[in-house]
Amino acid sequence: SHFVPHLAAPPAVGHGRPRLTRRAVNGLPSALILDPHDAGLAIARRLSRRGIPVTVLSNPSAAWMAHSRRVAGVELPDLAGAEEVWLERIVELAAGGDGVLIPCSDRSCELLAVHRAEIPARLRSFESPDSAHLRLMDKATLYEVADQAGVRRPWSRILRSEDDLETVGREADYPCLLKPTISHEWRRHVGLERVSLIDSPAALAERARPAPALGLELTPLGETLRRCLEAPRAAR
């Protein structure tokens, strides 16, 4: 079967391996929306109303977005464990003509940044190995970039091992906020709860010990609030 966006009736949603085709409109490339969790549906509808062919590649958890009117929807396995499947489908889409890849999640941004060389050039994207996406996605390297640029930020420590837990646990000024350095990896391995209020070294060890190797950031709550309150005054 063929998946062709139609501006009057909703297309089917595919689970197999059809050849996807798209029609260019007024010489404009089509839009390929990946993992549409954050504003993906709004983007798809706005572009389709302008006559731009839109294809949505969705995870099972957001499969309903692939059923939206005016888009060609494809439900794929969870991106967290099926990167090769997603890459194969993206490469297939290139056969339909020029397009722009629009990732709507951290994991789909990561997919494009890491595997950009495997994707045909006719499918364009901002993400690439040389772009800033991967460095800004990881709080550890994000803070390095901020320090190099002279951007103020709260005191924080990155935890990656049991030794870090003990050392930083003694140094920290409680209460603190504990967050993963890469949120989508934390969600995959630990769960949806990502920000924890920590009031003691014992609480830090209990919350962080299940997965310190994933990378955690510890920031004193008082310092965070102080910096937030100072920022507007500094901008005057």
# chains A, B, ... in the order shown; residues from 1 in each chain; ligands from 1
>>> closest_atom_pairs(of="region 123-210 of chain A", to="region 27-31 of chain A", cutoff="12 Å", atoms="only C-alpha atoms", output="CSV")
residue,atom,partner,partner_atom,distance
A:Leu123,CA,A:Pro29,CA,8.7
A:Arg124,CA,A:Pro29,CA,9.4
A:Ser125,CA,A:Ala31,CA,10.6
>>> write_last_selection(atoms="N, CA and C atoms", output="short mmCIF file (atom, residue, chain, number, x, y, z; two decimals), in the first residue's frame")
data_model
loop_
_atom_site.label_atom_id
_atom_site.label_comp_id
_atom_site.auth_asym_id
_atom_site.auth_seq_id
_atom_site.Cartn_x
_atom_site.Cartn_y
_atom_site.Cartn_z
N LEU A 123 16.90 14.66 2.81
CA LEU A 123 16.14 14.88 4.02
C LEU A 123 16.98 15.74 4.96
N ARG A 124 16.62 16.99 5.07
CA ARG A 124 17.44 17.95 5.80
C ARG A 124 17.06 18.01 7.29
N SER A 125 18.03 18.43 8.09
CA SER A 125 17.77 18.59 9.53
C SER A 125 18.79 19.55 10.11
#
>>> select_by_dssp(residues="region 27-206 of chain A", states="strand (DSSP E or B)", output="PyMOL selection string")
chain A and resi 28+30-34+54-58+72-75+99-103+123-124+157-159+176-180+196-198
>>> write_last_selection(atoms="C-alpha atoms", output="mmCIF file, in the first residue's frame")
data_model
loop_
_atom_site.group_PDB
_atom_site.id
_atom_site.type_symbol
_atom_site.label_atom_id
_atom_site.label_comp_id
_atom_site.auth_asym_id
_atom_site.auth_seq_id
_atom_site.Cartn_x
_atom_site.Cartn_y
_atom_site.Cartn_z
ATOM 1 C CA LEU A 28 8.386 22.993 -1.035
ATOM 2 C CA SER A 30 7.543 17.710 2.755
ATOM 3 C CA ALA A 31 7.681 17.571 6.547
ATOM 4 C CA LEU A 32 8.666 14.404 8.402
ATOM 5 C CA ILE A 33 7.732 14.682 12.067
ATOM 6 C CA LEU A 34 9.528 12.236 14.359
ATOM 7 C CA VAL A 54 3.243 15.751 6.405
ATOM 8 C CA THR A 55 4.350 12.295 7.514
ATOM 9 C CA VAL A 56 4.283 11.429 11.227
ATOM 10 C CA LEU A 57 6.475 8.631 12.603
ATOM 11 C CA SER A 58 5.219 7.820 16.082
ATOM 12 C CA ALA A 72 0.346 10.130 6.671
ATOM 13 C CA GLY A 73 0.834 8.254 9.910
ATOM 14 C CA VAL A 74 3.262 5.437 10.616
ATOM 15 C CA GLU A 75 3.439 3.686 13.987
ATOM 16 C CA GLY A 99 11.932 16.659 3.011
ATOM 17 C CA VAL A 100 12.705 18.285 6.336
ATOM 18 C CA LEU A 101 13.129 16.129 9.449
ATOM 19 C CA ILE A 102 11.465 17.637 12.526
ATOM 20 C CA PRO A 103 12.283 15.718 15.729
ATOM 21 C CA LEU A 123 16.136 14.877 4.024
ATOM 22 C CA ARG A 124 17.442 17.953 5.802
ATOM 23 C CA ARG A 157 27.672 18.446 41.072
ATOM 24 C CA ILE A 158 27.409 15.581 38.612
ATOM 25 C CA LEU A 159 27.151 12.105 40.121
ATOM 26 C CA CYS A 176 18.840 19.915 47.158
ATOM 27 C CA LEU A 177 17.193 19.018 43.897
ATOM 28 C CA LEU A 178 18.299 15.765 42.247
ATOM 29 C CA LYS A 179 17.774 15.424 38.492
ATOM 30 C CA PRO A 180 19.100 13.133 35.757
ATOM 31 C CA SER A 196 13.509 14.658 43.700
ATOM 32 C CA LEU A 197 13.803 16.904 46.748
ATOM 33 C CA ILE A 198 16.728 15.639 48.848
#
>>> residues_around(residues="Leu142 (chain A)", least_positions_apart="6", cutoff="12 Å", atoms="only C-alpha atoms", output="list in words")
Ala132, His133, Leu134, Arg135, Leu136, Gln148, Ala149, Val151, Arg153, Ser156, Ile158, Thr181, Ile182 and Glu217 of chain A
>>> atom_distance(atom1="CA of Val195 (chain A)", atom2="CA of Ser105 (chain A)")
18.6 Å
